[in-house]
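Asks: Structure provided below as structure tokens; questions to follow.
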Amino acid sequence: MATLNYDTLIPNNVNLSTDRRLQRALEQWHPKFLNWWLRRGPKDFQTNEIYLRTAVGVERGNWAKFGFVRMPDYRWGILLAPAVEDRKIPFGEHKGDPVWHEVPGEYRGLIKRLLVVQGDTEPASVEQQRFLGHTAPSLYDMRNLFQVNVEEARHLWAMVYLLHKYFGRDGREEAEALLERTSGDADKPRILGAFNEETPDWLSFFLFTSFTDRDGKMQLECLAQSGFDPLSRTCRFMLTEEAHHMFVGKSGVERILARTCEAMNAADISDPGDVGAIRARGVMDLPLIQRKMNFHFSVTLDLFGSEISTNAANAFTAGVKGRFHEVDITDDHRLLNDTYPLLQNVDGKLVVTQAPAISAINARLVDDYIADCEKIVVAWNKTIAKSNIDFTLSLPHRGFNRQIGSFAGLHITPIGKIVNDELWAAVSIDCLPSQEDLTYILSLMNATLTPGAYASWIAPPKNGVGGKPGDFEYVRITS
Ligand code: BYC
Ligand code: FE
Ligand code: FE
């Protein structure tokens, strides 16, 4: 494997200097990327020094270094995980064949589409989080936000590298288009629904990184199984960074819950529904957090596409996109005769039916995703229980508030009951955030920029980052 070279404009471990044409093409994309970063990336703070980690290798345990960097000087590199010797395609009709090091002609369109969709989400999330620096609840949190942002931008680089290297002129055009679509834009929006929603406040940010970055993890895990080896290796390294994004989300929500419970106990408020008294203390009430969670979870489920999907079946059969932890599954990895249990609407009732497993690839991934999400909700509930407050958060039913897939067009309550239009109007008021909720959350969003200080609505973290204490000056605000 090539060693990582940081002396060049584009740090990489793919021997970029030996492919002059590719290097030149990426060097031409570089200023356009920086221009996008400055126009659509974090608003302000671009000249502040921030304590960031940068990937400097791909070996487990020792891949990152921490130090003060100005964001535009961040070293966005192209990093592939080490090749697995003699790797074989693990699934689909080419199962057992040696992996591909070039794109098979017949799958060109399919692979390009997946790279474009994956690549589109990365800058989209940076755009969605553009204004959050100004309302950071602490310097620690601000630093985490910018860490997530620079790494999502590196994920964009990861997909752009594959597009440029393997798709010629088409790939270069797609790479340009990735910088032209914009989250929420009326004319040129981002491709997938959730990436056009706003992330206007820090509760949204923590729920987005808990739930939507977790979709990122699931999808990357599936692409890491790919028979197209450069895609597999790229995604494997992206997953290393992804873990931190989900940590930021999960621990962020945990700290909000801890602070709310602490404030309730301090004021002797035992009823989580005593919203007036709780909000008077400048913290977020638990029912509000549940409603926001309902929103982020349901919008993220839409990102998995239809439960029954020929696109997903084709990608699986082709050996291009596998299932979550494909190699650990004990079946024939071809799914020619298998079935999979699927929840479906039959005459107004939700019942489990058997579907051909090959058609239900997306449904299975949703199941794996929900199981992963259940674990974080258990952890969040522990935080509440520790404070002796009588409240539990729960994931809404998978059919709640859906726009895509077999539940779209149905009105389903958080506990999974199909209801009519009239009842749904009441349910959606109760179970989704109201304008008043959003206004209240925004009213709490004020920057806290003193090292070691935290906004009223969030507890300090248990530990700092990169070996530093919590009160470290993670962002040099004045210099
Ligand atoms: N909005 O057969 P179908 C991340 C389209 S997140 C709009 O049902 P398929 C990150 C679909 O494209 C992970 N359109 O589903 C997280 C298709 O259109 P075409 C991102 C949608 O194709 C946080 C048509 O509907 N990566 O990394 O199996 C921060 C029928 O599709 C939506 C990936 O998703 C939607 N929600 O599944 C930063 C992996 N859903 O092609 C980053 C790559 C579906 O017929 N993408 N459609 O015109 C894929 O694997 C698949 O494209 C999808 C869709 C899973 C997204
Ligand atoms: Fe990403
Ligand atoms: Fe991420």
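Just remember, in the structure tokens the first chain shown is A, the second B, etc., residues are 1-based per chain, and ligands are 1-based in the order shown.
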Please identify the residues whose atoms come within 9 Å of ligand 2, using only C-alpha atoms and all ligand atoms, and report them as a list of chain:residue names.
Replies: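 The residues within 9 Å of ligand 2, counting only C-alpha atoms and all ligand atoms, are A:Gln118, A:Gly119, A:Thr121, A:Glu122, A:Pro123, A:Ser125, A:Val148, A:Asn149, A:Glu151, A:Glu152, A:Ala153, A:Arg154, A:His155, A:Leu156, A:Asp213, A:Gly216, A:Lys217, A:Leu220, A:Met238, A:Leu239, A:Glu241, A:Glu242, A:His245.
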Asks: Those same residues, written as a short mmCIF file (atom, residue, chain, number, x, y, z; two decimals), in the first residue's frame with N, CA and C atoms?
Replies:
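Output saved as selection.cif:
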```cif
data_model
loop_
_atom_site.label_atom_id
_atom_site.label_comp_id
_atom_site.auth_asym_id
_atom_site.auth_seq_id
_atom_site.Cartn_x
_atom_site.Cartn_y
_atom_site.Cartn_z
N GLN A 118 -24.52 8.78 -2.57
CA GLN A 118 -23.71 8.83 -1.35
C GLN A 118 -22.98 10.18 -1.29
N GLY A 119 -22.36 10.57 -2.38
CA GLY A 119 -21.59 11.81 -2.41
C GLY A 119 -22.44 13.04 -2.16
N THR A 121 -25.04 13.34 -0.18
CA THR A 121 -25.46 13.53 1.21
C THR A 121 -24.38 14.23 2.04
N GLU A 122 -23.13 14.02 1.68
CA GLU A 122 -22.02 14.52 2.53
C GLU A 122 -21.99 16.05 2.57
N PRO A 123 -21.88 16.73 1.41
CA PRO A 123 -21.91 18.19 1.46
C PRO A 123 -23.27 18.71 1.93
N SER A 125 -25.14 17.64 4.31
CA SER A 125 -25.20 17.74 5.78
C SER A 125 -24.40 18.95 6.26
N VAL A 148 -17.14 17.24 12.69
CA VAL A 148 -18.09 16.50 11.85
C VAL A 148 -18.12 17.12 10.45
N ASN A 149 -18.15 18.43 10.38
CA ASN A 149 -18.24 19.12 9.09
C ASN A 149 -17.03 18.84 8.20
N GLU A 151 -15.06 16.36 8.29
CA GLU A 151 -15.02 14.94 7.89
C GLU A 151 -16.10 14.61 6.86
N GLU A 152 -17.27 15.25 6.97
CA GLU A 152 -18.27 15.03 5.92
C GLU A 152 -17.72 15.56 4.59
N ALA A 153 -17.00 16.66 4.66
CA ALA A 153 -16.39 17.18 3.44
C ALA A 153 -15.33 16.20 2.91
N ARG A 154 -14.64 15.54 3.81
CA ARG A 154 -13.68 14.52 3.35
C ARG A 154 -14.42 13.34 2.71
N HIS A 155 -15.58 13.03 3.22
CA HIS A 155 -16.38 11.96 2.59
C HIS A 155 -16.80 12.36 1.18
N LEU A 156 -17.04 13.65 0.99
CA LEU A 156 -17.31 14.13 -0.37
C LEU A 156 -16.09 13.86 -1.25
N ASP A 213 -26.83 10.25 10.64
CA ASP A 213 -25.47 9.73 10.44
C ASP A 213 -25.47 8.20 10.62
N GLY A 216 -26.09 6.77 7.54
CA GLY A 216 -24.80 6.79 6.83
C GLY A 216 -24.00 5.55 7.16
N LYS A 217 -23.92 5.23 8.44
CA LYS A 217 -23.17 4.03 8.84
C LYS A 217 -23.74 2.79 8.15
N LEU A 220 -22.98 2.79 4.41
CA LEU A 220 -21.55 2.58 4.16
C LEU A 220 -21.16 1.12 4.44
N MET A 238 -14.16 5.36 5.64
CA MET A 238 -15.16 6.37 6.05
C MET A 238 -15.85 5.97 7.36
N LEU A 239 -16.06 4.67 7.53
CA LEU A 239 -16.72 4.18 8.75
C LEU A 239 -15.91 4.49 10.00
N GLU A 241 -14.34 7.20 10.63
CA GLU A 241 -14.69 8.56 11.04
C GLU A 241 -16.13 8.64 11.53
N GLU A 242 -17.00 7.84 10.90
CA GLU A 242 -18.43 7.90 11.20
C GLU A 242 -18.74 7.66 12.68
N HIS A 245 -19.13 10.75 14.67
CA HIS A 245 -20.32 11.56 14.39
C HIS A 245 -21.49 11.04 15.21
#
```
Asks: Please, which residues have at least one atom within 6 Å of an atom of ligand 1, using only C-alpha atoms and all ligand atoms, listed as a VMD selection string?
Replies: chain A and resid 114 117 to 118 121 to 122 125 152 191 to 193 212 to 213 215 to 216 219 302 to 306 309 to 312
Asks: Now that the selection is made, can you save its residues with C-alpha atoms as a CSV table (one decimal), in the first residue's frame?
Replies:
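Result file follows (again_37.csv):
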```csv
chain,number,residue,atom,x,y,z
A,114,LEU,CA,-24.7,4.9,-5.8
A,117,VAL,CA,-26.3,9.6,-4.1
A,118,GLN,CA,-23.7,8.8,-1.4
A,121,THR,CA,-25.5,13.5,1.2
A,122,GLU,CA,-22.0,14.5,2.5
A,125,SER,CA,-25.2,17.7,5.8
A,152,GLU,CA,-18.3,15.0,5.9
A,191,ILE,CA,-31.2,14.2,-4.0
A,192,LEU,CA,-32.6,12.6,-0.8
A,193,GLY,CA,-35.5,14.1,1.2
A,212,THR,CA,-29.2,10.3,10.1
A,213,ASP,CA,-25.5,9.7,10.4
A,215,ASP,CA,-28.2,5.7,8.2
A,216,GLY,CA,-24.8,6.8,6.8
A,219,GLN,CA,-25.3,2.4,4.0
A,302,ASP,CA,-37.4,7.4,4.4
A,303,LEU,CA,-33.7,7.4,3.4
A,304,PHE,CA,-33.8,3.7,3.0
A,305,GLY,CA,-36.0,3.8,0.0
A,306,SER,CA,-38.9,1.4,-0.6
A,309,SER,CA,-37.1,-2.5,-4.3
A,310,THR,CA,-35.9,-3.7,-7.6
A,311,ASN,CA,-33.0,-1.2,-7.4
A,312,ALA,CA,-31.8,-2.8,-4.2
```
Asks: Could you pull the residues within 8 Å of Glu198 (chain A), counting only C-alpha atoms, minus those fewer than 2 positions along the same chain, as a tab-separated table (two decimals) with N, CA and C atoms, in the first residue's frame?
Replies:
```tsv
chain	number	residue	atom	x	y	z
A	128	GLN	N	-26.56	21.91	5.78
A	128	GLN	CA	-27.63	21.95	6.76
A	128	GLN	C	-27.15	22.50	8.11
A	184	GLY	N	-31.98	22.15	0.42
A	184	GLY	CA	-33.15	23.02	0.59
A	184	GLY	C	-33.41	23.95	-0.59
A	196	ASN	N	-32.65	17.80	2.66
A	196	ASN	CA	-33.16	19.13	2.34
A	196	ASN	C	-33.91	19.74	3.53
A	200	PRO	N	-31.70	23.66	12.26
A	200	PRO	CA	-31.56	25.04	12.72
A	200	PRO	C	-31.08	25.17	14.16
```
Asks: Quick one: residues within 7 Å of Tyr340 (chain A), only C-alpha atoms counted, chain neighbours fewer than 5 positions away excluded, as a CSV table (one decimal) with C-alpha atoms, in the first residue's frame?
Replies:
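New file result.csv:
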```
chain,number,residue,atom,x,y,z
A,354,GLN,CA,-43.4,-13.3,3.6
A,355,ALA,CA,-41.7,-11.5,0.7
A,356,PRO,CA,-38.9,-12.7,-1.6
A,357,ALA,CA,-35.8,-11.9,0.3
A,360,ALA,CA,-36.8,-7.1,0.6
```
Asks: Can you tell me how far CA of Leu342 (chain A) sits from CA of Ala408 (chain A), in Å to one decimal?
Replies: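 CA of Leu342 (chain A) sits 15.2 Å away from CA of Ala408 (chain A).
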Asks: Looking at only C-alpha atoms, which of A:Asn294, A:Pro104, A:Val248, A:Leu442 is the one that sits closest to Val427 (chain A)?
Replies: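 Of all the options, A:Asn294 lies closest to Val427 (chain A).
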Asks: Mind checking DSSP for region 92-158 of chain A and telling me the helix (DSSP H, G or I) residues as a ChimeraX atom specification?
Replies: /A:105-128,132-135,139-158
Asks: Could the residues in this selection be saved with N, CA and C atoms as a short mmCIF file (atom, residue, chain, number, x, y, z; two decimals), in the first residue's frame?
Replies:
```cif
data_model
loop_
_atom_site.label_atom_id
_atom_site.label_comp_id
_atom_site.auth_asym_id
_atom_site.auth_seq_id
_atom_site.Cartn_x
_atom_site.Cartn_y
_atom_site.Cartn_z
N GLY A 105 -18.29 -2.97 -17.06
CA GLY A 105 -19.09 -2.14 -17.96
C GLY A 105 -20.58 -2.24 -17.69
N GLU A 106 -21.05 -3.46 -17.43
CA GLU A 106 -22.50 -3.65 -17.28
C GLU A 106 -23.06 -2.98 -16.02
N TYR A 107 -22.17 -2.67 -15.05
CA TYR A 107 -22.66 -2.06 -13.80
C TYR A 107 -22.26 -0.60 -13.66
N ARG A 108 -21.80 -0.04 -14.75
CA ARG A 108 -21.30 1.33 -14.71
C ARG A 108 -22.36 2.31 -14.19
N GLY A 109 -23.55 2.24 -14.78
CA GLY A 109 -24.62 3.16 -14.40
C GLY A 109 -25.04 2.97 -12.95
N LEU A 110 -25.15 1.73 -12.57
CA LEU A 110 -25.57 1.39 -11.20
C LEU A 110 -24.58 1.92 -10.17
N ILE A 111 -23.29 1.66 -10.39
CA ILE A 111 -22.28 2.09 -9.42
C ILE A 111 -22.18 3.62 -9.40
N LYS A 112 -22.24 4.22 -10.56
CA LYS A 112 -22.14 5.69 -10.60
C LYS A 112 -23.28 6.32 -9.80
N ARG A 113 -24.49 5.79 -9.98
CA ARG A 113 -25.66 6.32 -9.27
C ARG A 113 -25.47 6.23 -7.75
N LEU A 114 -24.95 5.10 -7.28
CA LEU A 114 -24.74 4.94 -5.84
C LEU A 114 -23.69 5.93 -5.33
N LEU A 115 -22.62 6.13 -6.11
CA LEU A 115 -21.57 7.08 -5.70
C LEU A 115 -22.15 8.49 -5.64
N VAL A 116 -22.98 8.82 -6.61
CA VAL A 116 -23.54 10.17 -6.66
C VAL A 116 -24.49 10.39 -5.47
N VAL A 117 -25.35 9.41 -5.20
CA VAL A 117 -26.28 9.56 -4.07
C VAL A 117 -25.50 9.67 -2.76
N GLN A 118 -24.52 8.78 -2.57
CA GLN A 118 -23.71 8.83 -1.35
C GLN A 118 -22.98 10.18 -1.29
N GLY A 119 -22.36 10.57 -2.38
CA GLY A 119 -21.59 11.81 -2.41
C GLY A 119 -22.44 13.04 -2.16
N ASP A 120 -23.67 12.99 -2.57
CA ASP A 120 -24.58 14.13 -2.43
C ASP A 120 -24.95 14.41 -0.97
N THR A 121 -25.04 13.34 -0.18
CA THR A 121 -25.46 13.53 1.21
C THR A 121 -24.38 14.23 2.04
N GLU A 122 -23.13 14.02 1.68
CA GLU A 122 -22.02 14.52 2.53
C GLU A 122 -21.99 16.05 2.57
N PRO A 123 -21.88 16.73 1.41
CA PRO A 123 -21.91 18.19 1.46
C PRO A 123 -23.27 18.71 1.93
N ALA A 124 -24.34 17.94 1.64
CA ALA A 124 -25.67 18.39 2.07
C ALA A 124 -25.70 18.59 3.58
N SER A 125 -25.14 17.64 4.31
CA SER A 125 -25.20 17.74 5.78
C SER A 125 -24.40 18.95 6.26
N VAL A 126 -23.29 19.25 5.59
CA VAL A 126 -22.49 20.43 5.97
C VAL A 126 -23.32 21.70 5.75
N GLU A 127 -24.02 21.74 4.64
CA GLU A 127 -24.87 22.90 4.34
C GLU A 127 -25.98 23.04 5.39
N GLN A 128 -26.56 21.91 5.78
CA GLN A 128 -27.63 21.95 6.76
C GLN A 128 -27.15 22.50 8.11
N LEU A 132 -24.82 26.66 12.71
CA LEU A 132 -24.83 26.21 14.11
C LEU A 132 -23.66 26.75 14.94
N GLY A 133 -22.56 27.11 14.29
CA GLY A 133 -21.41 27.62 15.03
C GLY A 133 -21.79 28.80 15.91
N HIS A 134 -22.68 29.62 15.40
CA HIS A 134 -23.04 30.85 16.12
C HIS A 134 -23.88 30.61 17.37
N THR A 135 -24.42 29.40 17.52
CA THR A 135 -25.24 29.14 18.70
C THR A 135 -24.68 27.97 19.51
N LEU A 139 -17.52 25.65 23.68
CA LEU A 139 -16.43 25.52 22.69
C LEU A 139 -16.18 24.05 22.36
N TYR A 140 -16.38 23.18 23.34
CA TYR A 140 -16.26 21.73 23.11
C TYR A 140 -17.24 21.30 22.01
N ASP A 141 -18.50 21.76 22.12
CA ASP A 141 -19.50 21.36 21.13
C ASP A 141 -19.22 21.99 19.77
N MET A 142 -18.76 23.23 19.80
CA MET A 142 -18.45 23.90 18.52
C MET A 142 -17.37 23.13 17.79
N ARG A 143 -16.38 22.71 18.55
CA ARG A 143 -15.29 21.93 17.96
C ARG A 143 -15.80 20.61 17.38
N ASN A 144 -16.72 19.97 18.09
CA ASN A 144 -17.27 18.71 17.57
C ASN A 144 -18.06 18.94 16.28
N LEU A 145 -18.83 20.02 16.25
CA LEU A 145 -19.57 20.37 15.04
C LEU A 145 -18.62 20.51 13.85
N PHE A 146 -17.55 21.29 14.05
CA PHE A 146 -16.63 21.53 12.93
C PHE A 146 -15.86 20.26 12.56
N GLN A 147 -15.61 19.41 13.56
CA GLN A 147 -14.97 18.13 13.25
C GLN A 147 -15.86 17.30 12.32
N VAL A 148 -17.14 17.24 12.69
CA VAL A 148 -18.09 16.50 11.85
C VAL A 148 -18.12 17.12 10.45
N ASN A 149 -18.15 18.43 10.38
CA ASN A 149 -18.24 19.12 9.09
C ASN A 149 -17.03 18.84 8.20
N VAL A 150 -15.82 18.95 8.75
CA VAL A 150 -14.65 18.72 7.88
C VAL A 150 -14.60 17.26 7.43
N GLU A 151 -15.06 16.36 8.29
CA GLU A 151 -15.02 14.94 7.89
C GLU A 151 -16.10 14.61 6.86
N GLU A 152 -17.27 15.25 6.97
CA GLU A 152 -18.27 15.03 5.92
C GLU A 152 -17.72 15.56 4.59
N ALA A 153 -17.00 16.66 4.66
CA ALA A 153 -16.39 17.18 3.44
C ALA A 153 -15.33 16.20 2.91
N ARG A 154 -14.64 15.54 3.81
CA ARG A 154 -13.68 14.52 3.35
C ARG A 154 -14.42 13.34 2.71
N HIS A 155 -15.58 13.03 3.22
CA HIS A 155 -16.38 11.96 2.59
C HIS A 155 -16.80 12.36 1.18
N LEU A 156 -17.04 13.65 0.99
CA LEU A 156 -17.31 14.13 -0.37
C LEU A 156 -16.09 13.86 -1.25
N TRP A 157 -14.91 14.21 -0.74
CA TRP A 157 -13.66 13.93 -1.48
C TRP A 157 -13.56 12.44 -1.84
N ALA A 158 -13.96 11.60 -0.90
CA ALA A 158 -13.85 10.15 -1.11
C ALA A 158 -14.65 9.73 -2.34
#
```
Asks: At what distance in Å, to one decimal, does CA of Glu93 (chain A) lie from CA of Gly322 (chain A)?
Replies: 11.8 Å
Asks: May I have all residues of region 313-350 of chain A that DSSP, computed from the backbone, assigns to strand (DSSP E or B), given as a PyMOL selection string?
Replies: chain A and resi 339-346+349-350
Asks: Please write the residues from the selection above to a file, keeping C-alpha atoms, as a compact mmCIF listing (two decimals), in the first residue's frame.
Replies:
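Output file result_33.txt is given in full below:
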```txt
# COMPACT_ATOMS: atom_id res chain seq x y z
CA THR A 339 -38.17 -15.20 1.90
CA TYR A 340 -38.09 -12.38 4.41
CA PRO A 341 -40.83 -11.27 6.85
CA LEU A 342 -42.28 -7.93 5.92
CA LEU A 343 -44.82 -5.71 7.67
CA GLN A 344 -47.51 -4.70 5.20
CA ASN A 345 -50.90 -3.07 5.07
CA VAL A 346 -53.51 -5.73 4.31
CA LYS A 349 -54.34 -3.81 9.13
CA LEU A 350 -50.58 -4.12 9.48
```
Asks: Using CA of Glu176 (chain A) and CA of Leu162 (chain A) as the two end points, give the distance in Å to one decimal.
Replies: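 Value for the CA of Glu176 (chain A)-CA of Leu162 (chain A) distance: 13.4 Å.
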Asks: Looking at only C-alpha atoms, which of A:Gly273, A:Gly41, A:Gly252, A:Pro82 is the one that sits closest to Ser232 (chain A)?
Replies: A:Pro82
Asks: So which one's closest to ligand 3, A:Met246, A:Ala224, A:Met71, A:Val160? Using only C-alpha atoms and all ligand atoms, please.
Replies: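 Between A:Met246, A:Ala224, A:Met71, A:Val160, the residue approaching ligand 3 most closely is A:Met246.
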Asks: Can you tell me which residues surround Arg236 (chain A) at a distance of at most 9 Å, considering only C-alpha atoms, apart from same-chain residues fewer than 6 positions away, and format the answer as a PyMOL selection string?
Replies: chain A and resi 80-81+220-221+223-225
Asks: Given only C-alpha atoms and all ligand atoms as the basis, pick out the residue of A:Leu449, A:Ala243, A:Val103, A:Ile269 nearest to ligand 3.
Replies: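 Ranking A:Leu449, A:Ala243, A:Val103, A:Ile269 by distance to ligand 3, first place goes to A:Ala243.
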Asks: Could you list, as a short mmCIF file (atom, residue, chain, number, x, y, z; two decimals) with C-alpha atoms, in the first residue's frame, every residue within 6 Å of Thr413 (chain A), counting only C-alpha atoms and ignoring same-chain residues fewer than 3 positions away?
Replies:
```cif
data_model
loop_
_atom_site.label_atom_id
_atom_site.label_comp_id
_atom_site.auth_asym_id
_atom_site.auth_seq_id
_atom_site.Cartn_x
_atom_site.Cartn_y
_atom_site.Cartn_z
CA PHE A 400 -45.24 6.73 11.56
CA GLY A 416 -48.53 1.47 15.01
CA LYS A 417 -52.26 1.94 14.58
#
```
Asks: May I have the residues within 10 Å of Tyr440 (chain A) as a PyMOL selection string, using only C-alpha atoms and disregarding those fewer than 6 positions away in the same chain?
Replies: chain A and resi 279+282-284+288+434
Asks: Under the rule that only C-alpha atoms and all ligand atoms are counted, which of A:Phe45, A:Tyr6, A:Phe167, A:Phe206 is the nearest residue to ligand 3?
Replies: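 Among A:Phe45, A:Tyr6, A:Phe167, A:Phe206, it is A:Phe206 that comes nearest to ligand 3.
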